[in-house]
>>> print(open('data_38.cif').read())   # mmCIF, C-alpha atoms and all ligand atoms
data_target
loop_
_atom_site.label_atom_id
_atom_site.label_comp_id
_atom_site.auth_asym_id
_atom_site.auth_seq_id
_atom_site.Cartn_x
_atom_site.Cartn_y
_atom_site.Cartn_z
CA MET A 676 18.55 5.16 11.63
CA LYS A 677 18.20 1.61 13.02
CA ILE A 678 15.66 -0.55 11.11
CA LEU A 679 13.67 -3.43 12.61
CA ASN A 680 11.41 -5.58 10.42
CA PHE A 681 9.07 -7.69 12.57
CA GLY A 682 7.64 -10.12 10.05
CA SER A 683 6.95 -13.53 8.61
CA CYS A 684 9.22 -16.20 7.17
CA ASN A 685 7.59 -18.89 5.06
CA ILE A 686 8.55 -22.01 3.17
CA ASP A 687 6.78 -22.30 -0.18
CA PHE A 688 6.38 -25.89 -1.43
CA VAL A 689 5.55 -25.69 -5.12
CA TYR A 690 4.19 -28.93 -6.63
CA SER A 691 3.84 -29.29 -10.42
CA VAL A 692 0.67 -31.23 -11.18
CA ASP A 693 -1.27 -32.25 -14.30
CA HIS A 694 -4.39 -30.76 -12.80
CA ILE A 695 -5.35 -29.22 -9.45
CA VAL A 696 -6.48 -32.02 -7.13
CA ARG A 697 -10.24 -32.42 -6.78
CA SER A 698 -12.17 -33.28 -3.62
CA GLY A 699 -11.76 -36.99 -2.78
CA GLU A 700 -9.04 -37.48 -5.41
CA THR A 701 -5.40 -38.57 -4.94
CA ILE A 702 -2.81 -37.59 -7.53
CA THR A 703 0.93 -37.99 -7.93
CA THR A 704 2.88 -34.79 -8.49
CA ASN A 705 5.57 -34.38 -11.17
CA LYS A 706 8.00 -32.13 -9.36
CA LEU A 707 8.54 -30.43 -6.00
CA GLU A 708 10.46 -27.19 -5.63
CA THR A 709 11.05 -25.41 -2.32
CA PHE A 710 11.41 -21.64 -2.07
CA PRO A 711 11.86 -19.20 0.81
CA GLY A 712 8.96 -16.77 1.11
CA GLY A 713 6.85 -14.61 3.38
CA LYS A 714 6.46 -10.84 3.04
CA GLY A 715 8.62 -10.30 6.12
CA LEU A 716 11.56 -12.26 4.75
CA ASN A 717 11.27 -10.71 1.27
CA GLN A 718 11.15 -7.17 2.65
CA SER A 719 14.12 -7.70 4.98
CA ILE A 720 16.14 -9.00 2.04
CA ALA A 721 15.02 -6.03 -0.07
CA ILE A 722 16.11 -3.55 2.65
CA SER A 723 19.49 -5.24 2.89
CA LYS A 724 19.95 -5.36 -0.91
CA ALA A 725 19.06 -1.67 -1.00
CA GLY A 726 22.15 -1.11 1.14
CA SER A 727 20.77 -0.70 4.69
CA ASN A 728 21.34 -2.70 7.84
CA VAL A 729 18.15 -4.41 9.00
CA PHE A 730 17.25 -6.58 11.97
CA HIS A 731 14.67 -9.23 11.13
CA ALA A 732 12.57 -10.26 14.13
CA GLY A 733 10.15 -13.17 13.95
CA CYS A 734 9.72 -16.89 14.62
CA ILE A 735 10.82 -19.83 12.52
CA GLY A 736 10.00 -23.48 13.17
CA THR A 737 12.44 -26.31 13.78
CA ASP A 738 12.27 -26.98 10.02
CA GLY A 739 13.05 -23.36 9.12
CA LYS A 740 16.86 -23.42 9.00
CA MET A 741 16.96 -22.63 5.26
CA LEU A 742 15.16 -19.34 6.00
CA LYS A 743 17.72 -18.36 8.61
CA ASP A 744 20.48 -19.20 6.12
CA ILE A 745 19.02 -17.15 3.29
CA LEU A 746 18.45 -14.11 5.53
CA GLN A 747 22.02 -14.35 6.77
CA LYS A 748 23.41 -14.89 3.27
CA ASN A 749 21.70 -11.67 2.21
CA GLY A 750 23.23 -9.65 5.03
CA VAL A 751 20.15 -9.44 7.28
CA ASP A 752 20.84 -9.35 11.04
CA ILE A 753 19.08 -12.35 12.59
CA SER A 754 19.84 -11.64 16.27
CA TYR A 755 16.06 -11.45 16.93
CA LEU A 756 15.01 -14.43 14.85
CA LYS A 757 13.73 -17.05 17.27
CA THR A 758 13.37 -20.77 16.61
CA VAL A 759 10.18 -22.15 18.18
CA GLU A 760 9.02 -25.73 18.72
CA GLY A 761 6.74 -26.68 15.87
CA LYS A 762 6.40 -26.33 12.12
CA ASN A 763 7.45 -23.27 10.20
CA GLY A 764 4.75 -21.30 8.45
CA HIS A 765 4.43 -22.73 4.95
CA ALA A 766 2.41 -22.69 1.77
CA ILE A 767 1.40 -25.74 -0.27
CA ILE A 768 1.13 -24.57 -3.85
CA GLN A 769 -0.11 -26.68 -6.74
CA VAL A 770 0.72 -25.38 -10.21
CA ASN A 771 -0.98 -27.02 -13.19
CA LYS A 772 0.26 -27.27 -16.78
CA GLU A 773 -1.45 -24.00 -17.72
CA GLY A 774 0.34 -22.19 -14.87
CA SER A 775 -2.80 -21.70 -12.72
CA ASN A 776 -2.31 -22.35 -9.05
CA SER A 777 -4.12 -23.32 -5.90
CA ILE A 778 -2.62 -22.48 -2.51
CA PHE A 779 -3.19 -23.23 1.12
CA LEU A 780 -1.26 -21.58 3.89
CA TYR A 781 -0.30 -22.86 7.32
CA PRO A 782 0.78 -19.91 9.51
CA GLY A 783 2.71 -22.18 11.97
CA SER A 784 5.66 -20.37 13.58
CA ASN A 785 4.47 -16.97 12.26
CA GLU A 786 1.53 -17.19 14.63
CA MET A 787 3.82 -17.91 17.61
CA VAL A 788 5.06 -14.33 18.04
CA THR A 789 4.15 -13.71 21.68
CA LYS A 790 3.82 -10.48 23.67
CA ASP A 791 6.83 -11.49 25.84
CA PHE A 792 8.97 -12.00 22.77
CA ILE A 793 7.82 -8.66 21.33
CA ASP A 794 8.76 -6.88 24.59
CA THR A 795 12.19 -8.52 24.60
CA VAL A 796 12.90 -7.47 21.02
CA LEU A 797 11.59 -3.91 21.39
CA ASN A 798 13.78 -3.38 24.48
CA ASN A 799 16.68 -3.17 22.04
CA PHE A 800 15.19 -0.29 20.04
CA GLU A 801 14.43 3.31 20.81
CA LYS A 802 12.74 6.54 19.77
CA ASP A 803 12.86 7.31 16.04
CA ASN A 804 14.15 3.86 15.07
CA ILE A 805 12.15 2.49 12.14
CA ILE A 806 9.89 -0.52 12.63
CA LEU A 807 8.36 -2.15 9.55
CA LEU A 808 5.35 -4.47 9.79
CA GLN A 809 3.17 -6.55 7.49
CA ASN A 810 0.12 -8.63 8.40
CA GLU A 811 1.47 -12.19 8.46
CA ILE A 812 2.39 -12.62 12.14
CA SER A 813 0.45 -12.72 15.41
CA ASN A 814 -0.01 -9.73 17.76
CA ILE A 815 0.68 -6.90 15.29
CA ASP A 816 -1.76 -4.69 17.25
CA TYR A 817 0.43 -5.18 20.34
CA ILE A 818 3.61 -4.41 18.38
CA VAL A 819 2.07 -1.18 17.04
CA LYS A 820 0.98 -0.12 20.52
CA LYS A 821 4.36 -0.81 22.13
CA ALA A 822 6.37 0.74 19.28
CA TYR A 823 4.14 3.82 19.46
CA GLU A 824 4.76 4.13 23.21
CA LYS A 825 8.48 4.08 22.43
CA GLU A 826 7.94 6.79 19.77
CA MET A 827 9.37 4.62 17.02
CA CYS A 828 8.66 5.43 13.38
CA ILE A 829 6.07 2.79 12.45
CA MET A 830 5.73 1.78 8.79
CA LEU A 831 2.92 -0.59 7.89
CA ASN A 832 2.38 -2.63 4.76
CA PRO A 833 -1.21 -3.81 5.47
CA SER A 834 -0.89 -6.98 3.48
CA PRO A 835 -2.69 -9.35 3.34
CA PHE A 836 -5.68 -7.21 4.26
CA ASN A 837 -8.15 -8.58 6.86
CA GLU A 838 -9.98 -7.41 9.99
CA LYS A 839 -6.70 -7.35 11.96
CA ILE A 840 -5.79 -4.29 9.87
CA THR A 841 -9.15 -2.60 10.44
CA ASN A 842 -8.63 -2.99 14.19
CA LEU A 843 -5.31 -1.11 14.19
CA ASP A 844 -5.18 2.50 15.27
CA PHE A 845 -3.85 4.28 12.18
CA LYS A 846 -3.13 7.37 14.28
CA MET A 847 -0.15 5.47 15.70
CA LEU A 848 1.41 4.90 12.27
CA SER A 849 3.93 7.17 10.58
CA TYR A 850 3.83 5.58 7.10
CA ILE A 851 1.53 3.18 5.29
CA LEU A 852 2.56 1.47 2.04
CA LEU A 853 -0.33 -0.17 0.23
CA ASN A 854 -1.47 -1.31 -3.21
CA GLU A 855 -4.73 -0.42 -4.98
CA VAL A 856 -6.67 -3.41 -3.63
CA GLU A 857 -5.65 -2.76 -0.03
CA ALA A 858 -6.38 0.96 -0.46
CA GLU A 859 -9.90 0.23 -1.67
CA GLU A 860 -10.53 -2.15 1.24
CA ILE A 861 -9.32 0.37 3.78
CA THR A 862 -10.88 3.55 2.35
CA GLY A 863 -13.80 2.31 0.25
CA CYS A 864 -12.50 4.60 -2.53
CA THR A 865 -12.35 3.21 -6.04
CA SER A 866 -9.95 5.73 -7.57
CA SER A 867 -6.53 6.87 -6.51
CA GLU A 868 -7.69 10.49 -6.59
CA GLU A 869 -10.41 9.74 -4.03
CA CYS A 870 -7.87 7.86 -1.90
CA ILE A 871 -5.62 10.91 -1.83
CA VAL A 872 -8.42 13.06 -0.46
CA TYR A 873 -9.52 10.38 2.00
CA PHE A 874 -6.07 10.00 3.54
CA LYS A 875 -5.32 13.74 3.57
CA ASN A 876 -8.51 14.47 5.45
CA THR A 877 -8.87 11.41 7.65
CA TYR A 878 -5.24 10.88 8.70
CA PRO A 879 -3.45 14.17 7.97
CA HIS A 880 -0.35 13.12 9.93
CA LEU A 881 0.10 9.87 7.96
CA LYS A 882 2.49 9.54 5.03
CA VAL A 883 0.92 7.28 2.44
CA ILE A 884 2.56 5.45 -0.44
CA LEU A 885 0.00 4.06 -2.83
CA THR A 886 1.46 1.63 -5.38
CA LEU A 887 -0.44 1.16 -8.62
CA GLY A 888 1.36 -1.73 -10.33
CA GLU A 889 2.44 -0.80 -13.87
CA LYS A 890 0.79 2.61 -13.39
CA GLY A 891 3.45 3.61 -10.84
CA CYS A 892 2.93 5.06 -7.38
CA ILE A 893 1.79 8.13 -5.45
CA TYR A 894 3.24 9.60 -2.27
CA ILE A 895 0.77 11.57 -0.16
CA ASP A 896 1.32 13.69 2.92
CA LYS A 897 -0.37 16.67 4.51
CA ASN A 898 1.34 19.15 2.20
CA SER A 899 2.19 17.26 -0.95
CA VAL A 900 1.21 14.67 -3.53
CA ILE A 901 4.08 13.25 -5.57
CA ARG A 902 3.56 10.90 -8.51
CA GLN A 903 6.11 8.52 -10.01
CA SER A 904 5.57 6.47 -13.18
CA ALA A 905 6.50 2.81 -13.21
CA PHE A 906 9.33 1.83 -15.54
CA LYS A 907 8.73 -0.05 -18.75
CA VAL A 908 9.89 -3.69 -18.52
CA LYS A 909 8.72 -7.03 -19.88
CA ALA A 910 6.79 -8.38 -16.88
CA VAL A 911 7.78 -12.00 -16.19
CA ASP A 912 6.74 -12.51 -12.57
CA THR A 913 5.25 -9.78 -10.39
CA THR A 914 5.50 -11.80 -7.15
CA ALA A 915 7.80 -9.59 -5.08
CA ALA A 916 7.11 -6.22 -6.75
CA GLY A 917 5.53 -4.67 -3.66
CA ASP A 918 8.08 -6.22 -1.28
CA THR A 919 10.98 -4.87 -3.35
CA PHE A 920 9.38 -1.44 -3.49
CA THR A 921 8.81 -1.44 0.28
CA GLY A 922 12.38 -2.52 1.05
CA TYR A 923 13.90 0.19 -1.14
CA PHE A 924 11.50 2.81 0.22
CA VAL A 925 12.30 1.98 3.85
CA SER A 926 16.02 2.02 3.12
CA GLY A 927 15.74 5.45 1.45
CA ILE A 928 13.78 6.90 4.38
CA SER A 929 16.31 5.56 6.88
CA LYS A 930 19.04 7.40 4.98
CA LYS A 931 16.90 10.58 4.91
CA GLU A 932 17.01 10.70 1.12
CA ASN A 933 14.74 13.00 -0.86
CA ILE A 934 11.24 11.50 -1.42
CA LYS A 935 11.32 11.96 -5.21
CA ASP A 936 14.65 10.11 -5.44
CA ILE A 937 13.37 7.35 -3.15
CA LEU A 938 10.26 6.81 -5.29
CA LYS A 939 12.32 6.68 -8.46
CA THR A 940 14.84 4.18 -7.06
CA ALA A 941 12.14 1.98 -5.47
CA SER A 942 10.20 1.95 -8.76
CA ALA A 943 13.30 1.02 -10.75
CA ALA A 944 14.17 -1.75 -8.26
CA SER A 945 10.66 -3.23 -8.41
CA ALA A 946 10.55 -2.98 -12.22
CA ILE A 947 13.76 -5.03 -12.34
CA ALA A 948 12.25 -7.56 -9.88
CA VAL A 949 9.16 -7.85 -12.10
CA SER A 950 11.34 -8.64 -15.13
CA ARG A 951 12.74 -11.74 -13.37
CA ASN A 952 11.34 -14.99 -12.03
CA GLY A 953 10.97 -15.76 -8.33
CA ALA A 954 10.49 -13.75 -5.15
CA ALA A 955 13.60 -13.04 -3.00
CA PRO A 956 16.10 -14.01 -5.75
CA SER A 957 14.48 -11.50 -8.15
CA ILE A 958 15.23 -8.51 -5.87
CA PRO A 959 18.11 -6.50 -7.38
CA SER A 960 21.04 -5.05 -5.46
CA LYS A 961 21.49 -1.29 -5.21
CA ASP A 962 24.42 -1.49 -7.68
CA GLU A 963 22.22 -3.22 -10.24
CA VAL A 964 19.56 -0.54 -9.81
CA ILE A 965 22.11 2.27 -10.20
CA ASN A 966 23.51 0.65 -13.35
CA CYS A 967 20.08 0.15 -14.96
CA ILE A 968 18.16 3.24 -13.91
CA GLU A 969 19.31 5.60 -16.66
CA GLY A 970 18.43 3.02 -19.33
CA LEU A 971 14.87 2.50 -18.03
CA LYS A 972 11.99 4.35 -19.71
CA PRO A 973 8.85 5.48 -17.88
CA ASN A 974 5.81 3.38 -18.64
CA ASP A 975 3.39 5.90 -20.11
CA THR A 976 0.78 3.44 -21.32
CA ASN A 977 -2.02 5.85 -20.44
CA ASN A 978 -3.22 7.78 -23.45
CA LYS A 979 -3.31 11.56 -23.53
CA SER A 980 -6.94 11.99 -22.52
CA GLU A 981 -6.59 9.61 -19.56
CA ILE A 982 -3.60 11.60 -18.36
CA LEU A 983 -5.54 14.86 -18.76
CA LEU A 984 -8.57 13.51 -16.95
CA GLY A 985 -6.26 12.28 -14.16
CA LYS A 986 -4.81 15.79 -13.85
CA ILE A 987 -8.28 17.36 -13.74
CA GLU A 988 -9.46 14.89 -11.10
CA ALA A 989 -6.31 15.42 -9.09
CA TYR A 990 -6.77 19.20 -9.22
CA ILE A 991 -10.38 18.95 -8.07
CA SER A 992 -9.64 16.49 -5.27
CA GLU A 993 -6.82 18.65 -3.96
CA ASN A 994 -8.77 21.92 -4.23
CA PHE A 995 -12.36 21.12 -3.25
CA LYS A 996 -12.58 24.34 -1.31
CA ASN A 997 -11.39 26.80 -3.94
CA ALA A 998 -11.39 25.02 -7.29
CA SER A 999 -12.13 27.26 -10.25
CA LEU A 1000 -12.05 26.77 -13.99
CA LYS A 1001 -9.68 29.72 -14.32
CA ASP A 1002 -7.20 28.30 -11.83
CA LEU A 1003 -7.38 24.81 -13.37
CA ALA A 1004 -6.82 26.29 -16.85
CA LEU A 1005 -3.78 28.15 -15.53
CA LYS A 1006 -2.38 24.93 -14.02
CA LEU A 1007 -2.91 23.02 -17.27
CA GLY A 1008 -1.50 25.86 -19.36
CA TYR A 1009 -4.66 26.29 -21.50
CA SER A 1010 -7.24 29.03 -21.84
CA SER A 1011 -10.40 28.81 -19.69
CA VAL A 1012 -12.59 28.34 -22.75
CA TYR A 1013 -10.46 25.51 -24.10
CA THR A 1014 -10.32 23.85 -20.65
CA GLY A 1015 -14.10 24.11 -20.25
CA ASN A 1016 -14.62 22.46 -23.66
CA LEU A 1017 -12.08 19.80 -22.84
CA ILE A 1018 -13.86 18.90 -19.59
CA LYS A 1019 -17.16 18.71 -21.45
CA LYS A 1020 -15.61 16.39 -24.02
CA LEU A 1021 -13.95 14.13 -21.43
CA THR A 1022 -16.71 13.98 -18.81
CA GLY A 1023 -19.89 15.04 -20.62
CA LYS A 1024 -20.36 17.76 -17.98
CA SER A 1025 -19.58 21.43 -17.46
CA PHE A 1026 -16.79 22.23 -15.01
CA SER A 1027 -19.19 23.29 -12.26
CA LYS A 1028 -21.44 20.21 -12.66
CA TYR A 1029 -18.39 17.95 -12.65
CA LEU A 1030 -17.05 19.70 -9.53
CA GLN A 1031 -20.41 19.23 -7.77
CA GLN A 1032 -20.45 15.55 -8.70
CA LYS A 1033 -16.96 15.00 -7.31
CA ARG A 1034 -17.70 16.93 -4.09
CA CYS A 1035 -20.86 14.96 -3.52
CA GLN A 1036 -19.17 11.61 -4.20
CA TYR A 1037 -16.43 12.57 -1.78
CA ALA A 1038 -18.95 13.50 0.93
CA ALA A 1039 -20.76 10.17 0.45
CA LYS A 1040 -17.49 8.24 0.82
CA MET A 1041 -16.60 10.12 3.98
CA LEU A 1042 -20.04 9.48 5.45
CA LEU A 1043 -19.62 5.77 4.90
CA ASN A 1044 -15.99 5.23 5.73
CA THR A 1045 -15.23 7.66 8.53
CA ASP A 1046 -16.79 8.89 11.75
CA LEU A 1047 -16.11 12.52 10.82
CA SER A 1048 -18.96 14.87 11.70
CA ILE A 1049 -21.23 16.06 8.89
CA GLU A 1050 -20.01 19.61 9.51
CA SER A 1051 -16.37 18.74 8.88
CA ILE A 1052 -17.24 16.60 5.86
CA ILE A 1053 -19.17 19.51 4.41
CA GLU A 1054 -16.23 21.81 5.05
CA ASN A 1055 -13.65 19.40 3.58
CA ALA A 1056 -15.81 18.93 0.49
CA GLY A 1057 -15.68 22.67 -0.03
CA TYR A 1058 -19.34 23.58 0.59
CA GLU A 1059 -19.81 26.99 2.14
CA ASN A 1060 -23.54 26.63 2.41
CA GLU A 1061 -24.86 23.64 4.37
CA SER A 1062 -28.40 23.75 3.03
CA PHE A 1063 -27.09 23.82 -0.53
CA PHE A 1064 -25.06 20.68 0.24
CA ARG A 1065 -28.07 18.91 1.76
CA LYS A 1066 -30.17 19.77 -1.30
CA ILE A 1067 -27.56 18.54 -3.81
CA PHE A 1068 -26.92 15.40 -1.73
CA LYS A 1069 -30.60 14.51 -1.56
CA GLU A 1070 -30.99 15.01 -5.31
CA LYS A 1071 -28.13 12.62 -6.00
CA TYR A 1072 -28.58 9.98 -3.31
CA GLY A 1073 -32.30 10.29 -2.55
CA LYS A 1074 -31.66 10.69 1.21
CA ASN A 1075 -30.34 13.30 3.55
CA PRO A 1076 -26.69 12.73 4.67
CA LEU A 1077 -27.51 11.33 8.12
CA GLU A 1078 -30.06 8.85 6.77
CA TYR A 1079 -27.54 7.83 4.12
CA ARG A 1080 -24.86 7.17 6.78
CA LYS A 1081 -27.26 5.14 8.92
CA GLU A 1082 -28.88 3.09 6.18
CA VAL A 1083 -25.99 2.35 3.86
CA LYS A 1084 -23.26 1.84 6.51
P1 LIG B 1 1.98 -5.36 -4.91
O1 LIG B 1 3.02 -6.28 -5.45
O2 LIG B 1 2.07 -5.15 -3.43
O3 LIG B 1 0.58 -5.67 -5.39
P2 LIG B 1 2.15 -3.26 -6.96
O4 LIG B 1 1.62 -4.25 -7.95
O5 LIG B 1 1.41 -1.98 -6.82
O6 LIG B 1 2.33 -3.89 -5.51
O7 LIG B 1 3.66 -2.95 -7.40
C1 LIG B 1 4.56 -2.20 -6.61
C2 LIG B 1 5.46 -1.38 -7.52
O8 LIG B 1 6.18 -2.28 -8.39
C3 LIG B 1 4.73 -0.42 -8.47
O9 LIG B 1 4.47 0.83 -7.85
C4 LIG B 1 5.69 -0.32 -9.64
O10 LIG B 1 6.71 0.63 -9.36
C5 LIG B 1 6.33 -1.72 -9.68
N1 LIG B 1 5.63 -2.58 -10.66
C6 LIG B 1 4.63 -3.46 -10.45
N2 LIG B 1 4.21 -4.05 -11.58
C7 LIG B 1 4.99 -3.54 -12.57
C8 LIG B 1 5.10 -3.73 -13.99
N3 LIG B 1 4.30 -4.60 -14.63
N4 LIG B 1 6.03 -3.02 -14.67
C9 LIG B 1 6.86 -2.16 -14.04
N5 LIG B 1 6.84 -1.93 -12.71
C10 LIG B 1 5.92 -2.60 -11.98
#
>>> encode(input="data_38.cif", output="structure tokens")
Amino acid sequence: MKILNFGSCNIDFVYSVDHIVRSGETITTNKLETFPGGKGLNQSIAISKAGSNVFHAGCIGTDGKMLKDILQKNGVDISYLKTVEGKNGHAIIQVNKEGSNSIFLYPGSNEMVTKDFIDTVLNNFEKDNIILLQNEISNIDYIVKKAYEKEMCIMLNPSPFNEKITNLDFKMLSYILLNEVEAEEITGCTSSEECIVYFKNTYPHLKVILTLGEKGCIYIDKNSVIRQSAFKVKAVDTTAAGDTFTGYFVSGISKKENIKDILKTASAASAIAVSRNGAAPSIPSKDEVINCIEGLKPNDTNNKSEILLGKIEAYISENFKNASLKDLALKLGYSSVYTGNLIKKLTGKSFSKYLQQKRCQYAAKMLLNTDLSIESIIENAGYENESFFRKIFKEKYGKNPLEYRKEVK
């Protein structure tokens, strides 16, 4: 499967300073280091290091030759990398003695991706080819639209999150890969369990990969939810964790590998990246990942009750319509009485009260963050009786659902 990554290339200028410069002040810096960066560049390198061929499309400035060189050195195809008149996108980063930083970004060449250029590049790709996007170049809405018309497999990493992401039509996407912060901004949900339900109900066709830092990741599609722990490493620099994960994931999908294997390999690759300094240079090759993977241990920092509560929440979120204490107990491998007591101990509530609370919270989230009709929200939340739902909702939120949607939205 052909892979195109249409994304950014940046130059990061890192200045070591005694202190971060104040308004009106001039200081002399101690050291300047220059690094290649940009999510686009990092992810292309990660795809290539994962063992897949990738075309990187994007714009570099007349000062961006080092970026072209590093992409090429890492085996990325740069046939669609265009040099434009003007400065490359870059970041000016001050790092003080304590390691805190202050950054400003100039998008430069990354904002010079025009519709004509996009058309020219996409002419070379066809149905079912993969196109990967992040949010650091201009006209991503146009790229999504055109790639969708061509029936390409569109994978989006909505990072950094801003209103350009909100304006995209998610129905055109095949995959979305996002971290906890981006997931909360997009869905309004504060827990991964709520996110799972949100995506399953709002975009049933979309395959979602939610990364949770050292807590691992979750794959969600219409029929399944698959969890993968992160691997235990000494975290040195988490800069390119997500980019490494994305690159390995995309490579695995292009080779039609099994999802569980892809998640495991991508998690191992990003754990290795986290254990090293730097962005692109910290991304391991596939051989390194294969050699290390058996020696890596899952990071089970969560204690037993957190894991249990997670399982209970997951069960409820996935079974709003027909959740029962008996079924949950069966899934956990305990008796119903023991499970009921356990829920009381962990949540302070009986199973049925806890289920009501979760259903109601879910309905409130859907009212705020989607345009779904009240009827379908009620159905998705598992209420058979509409007046019962309205009564419970009013008790909890002090308003009927429509008023709540109007006033709080
Ligand atoms: P982003 O870098 O986009 O914020 P995450 O922080 O969620 O993304 O990290 C992506 C993946 O990298 C995680 O799902 C996990 O597999 C791995 N990872 C991140 N932080 C750590 C860590 N401290 N230890 C081990 N693996 C990590």
>>> residues_around(input="data_38.cif", residues="stretch 783-794 of chain A", least_positions_apart="4", cutoff="6 Å", atoms="only C-alpha atoms", output="ChimeraX atom specification")
/A:683,734-736,762-764,812-813
>>> write_last_selection(input="data_38.cif", atoms="C-alpha atoms", output="PDB file, keeping the file's coordinate frame")
ATOM      1  CA  SER A 683       6.950 -13.530   8.610  1.00  0.00           C
ATOM      2  CA  CYS A 734       9.720 -16.890  14.620  1.00  0.00           C
ATOM      3  CA  ILE A 735      10.820 -19.830  12.520  1.00  0.00           C
ATOM      4  CA  GLY A 736      10.000 -23.480  13.170  1.00  0.00           C
ATOM      5  CA  LYS A 762       6.400 -26.330  12.120  1.00  0.00           C
ATOM      6  CA  ASN A 763       7.450 -23.270  10.200  1.00  0.00           C
ATOM      7  CA  GLY A 764       4.750 -21.300   8.450  1.00  0.00           C
ATOM      8  CA  ILE A 812       2.390 -12.620  12.140  1.00  0.00           C
ATOM      9  CA  SER A 813       0.450 -12.720  15.410  1.00  0.00           C
TER      10      SER A 813
END
>>> closest_atom_pairs(input="data_38.cif", of="chain A", to="ligand LIG 1 (chain B)", cutoff="7 Å", atoms="only C-alpha atoms and all ligand atoms", output="tab-separated table")
residue	atom	partner	partner_atom	distance
A:Leu853	CA	B:LIG1	O2	6.6
A:Asn854	CA	B:LIG1	O5	4.7
A:Glu855	CA	B:LIG1	O5	6.6
A:Thr886	CA	B:LIG1	O5	3.9
A:Leu887	CA	B:LIG1	O5	4.1
A:Gly888	CA	B:LIG1	O4	3.5
A:Glu889	CA	B:LIG1	C8	4.0
A:Lys890	CA	B:LIG1	C4	6.8
A:Gly891	CA	B:LIG1	O9	4.2
A:Cys892	CA	B:LIG1	O9	4.5
A:Ala905	CA	B:LIG1	O10	4.4
A:Phe906	CA	B:LIG1	C9	4.9
A:Lys907	CA	B:LIG1	C9	5.5
A:Val908	CA	B:LIG1	N4	5.5
A:Ala910	CA	B:LIG1	N3	5.1
A:Thr913	CA	B:LIG1	N2	5.9
A:Thr914	CA	B:LIG1	O1	6.3
A:Ala915	CA	B:LIG1	O1	5.8
A:Ala916	CA	B:LIG1	O1	4.3
A:Gly917	CA	B:LIG1	O1	3.5
A:Asp918	CA	B:LIG1	O2	6.5
A:Phe920	CA	B:LIG1	C2	5.6
A:Ala941	CA	B:LIG1	O10	6.8
A:Ser942	CA	B:LIG1	O10	3.8
A:Ala943	CA	B:LIG1	O10	6.7
A:Ser945	CA	B:LIG1	O8	4.6
A:Ala946	CA	B:LIG1	N5	3.9
A:Val949	CA	B:LIG1	C7	6.0
>>> closest_atom_pairs(input="data_38.cif", of="stretch 908-1007 of chain A", to="stretch 1022-1033 of chain A", cutoff="10 Å", atoms="all atoms listed in the file", output="Markdown table")
| residue | atom | partner | partner_atom | distance |
| --- | --- | --- | --- | --- |
| A:Leu984 | CA | A:Thr1022 | CA | 8.4 |
| A:Ile987 | CA | A:Phe1026 | CA | 9.9 |
| A:Glu988 | CA | A:Lys1033 | CA | 8.4 |
| A:Ile991 | CA | A:Leu1030 | CA | 6.9 |
| A:Ser992 | CA | A:Lys1033 | CA | 7.7 |
| A:Phe995 | CA | A:Leu1030 | CA | 8.0 |
| A:Ala998 | CA | A:Leu1030 | CA | 8.1 |
| A:Ser999 | CA | A:Ser1027 | CA | 8.3 |
| A:Leu1000 | CA | A:Phe1026 | CA | 6.6 |
| A:Leu1003 | CA | A:Phe1026 | CA | 9.9 |
>>> closest_residue(input="data_38.cif", among="A:Lys972, A:Thr758, A:Ile686, A:Leu679", to="A:Leu780", atoms="all atoms listed in the file")
A:Ile686
>>> atom_distance(input="data_38.cif", atom1="atom CA of A:Tyr923", atom2="atom CA of A:Ile805")
13.6 Å
>>> closest_residue(input="data_38.cif", among="A:Ser849, A:Ser691, A:Asn804, A:Asn705", to="A:His880", atoms="all atoms listed in the file")
A:Ser849
>>> atom_distance(input="data_38.cif", atom1="atom CA of A:Ser834", atom2="atom CA of A:Gln769")
22.2 Å
>>> closest_residue(input="data_38.cif", among="A:Glu932, A:Leu831, A:Thr841, A:Glu1070", to="A:Ile884", atoms="all atoms listed in the file")
A:Leu831
>>> axis_aligned_box(input="data_38.cif", around="stretch 1064-1067 of chain A", padding_each_side="8 Å", output="JSON")
{"center_x": -27.6, "center_y": 19.6, "center_z": -1.0, "size_x": 21.1, "size_y": 18.1, "size_z": 21.6}
>>> atom_distance(input="data_38.cif", atom1="atom CA of A:Val759", atom2="atom CA of A:Lys714")
19.3 Å
>>> residues_around(input="data_38.cif", residues="A:Thr862", least_positions_apart="2", cutoff="10 Å", atoms="only C-alpha atoms", output="compact mmCIF listing (two decimals) with C-alpha atoms, keeping the file's coordinate frame")
# COMPACT_ATOMS: atom_id res chain seq x y z
CA GLU A 857 -5.65 -2.76 -0.03
CA ALA A 858 -6.38 0.96 -0.46
CA GLU A 859 -9.90 0.23 -1.67
CA GLU A 860 -10.53 -2.15 1.24
CA CYS A 864 -12.50 4.60 -2.53
CA THR A 865 -12.35 3.21 -6.04
CA GLU A 869 -10.41 9.74 -4.03
CA CYS A 870 -7.87 7.86 -1.90
CA ILE A 871 -5.62 10.91 -1.83
CA TYR A 873 -9.52 10.38 2.00
CA PHE A 874 -6.07 10.00 3.54
CA THR A 877 -8.87 11.41 7.65
CA LYS A 1040 -17.49 8.24 0.82
CA MET A 1041 -16.60 10.12 3.98
CA LEU A 1043 -19.62 5.77 4.90
CA ASN A 1044 -15.99 5.23 5.73
CA THR A 1045 -15.23 7.66 8.53
>>> closest_residue(input="data_38.cif", among="A:Gly682, A:Gly922, A:Glu868, A:Ile928", to="A:Tyr1037", atoms="all atoms listed in the file")
A:Glu868
>>> closest_residue(input="data_38.cif", among="A:Ser867, A:Thr701, A:Thr795, A:Thr919", to="A:Ile895", atoms="only C-alpha atoms")
A:Ser867
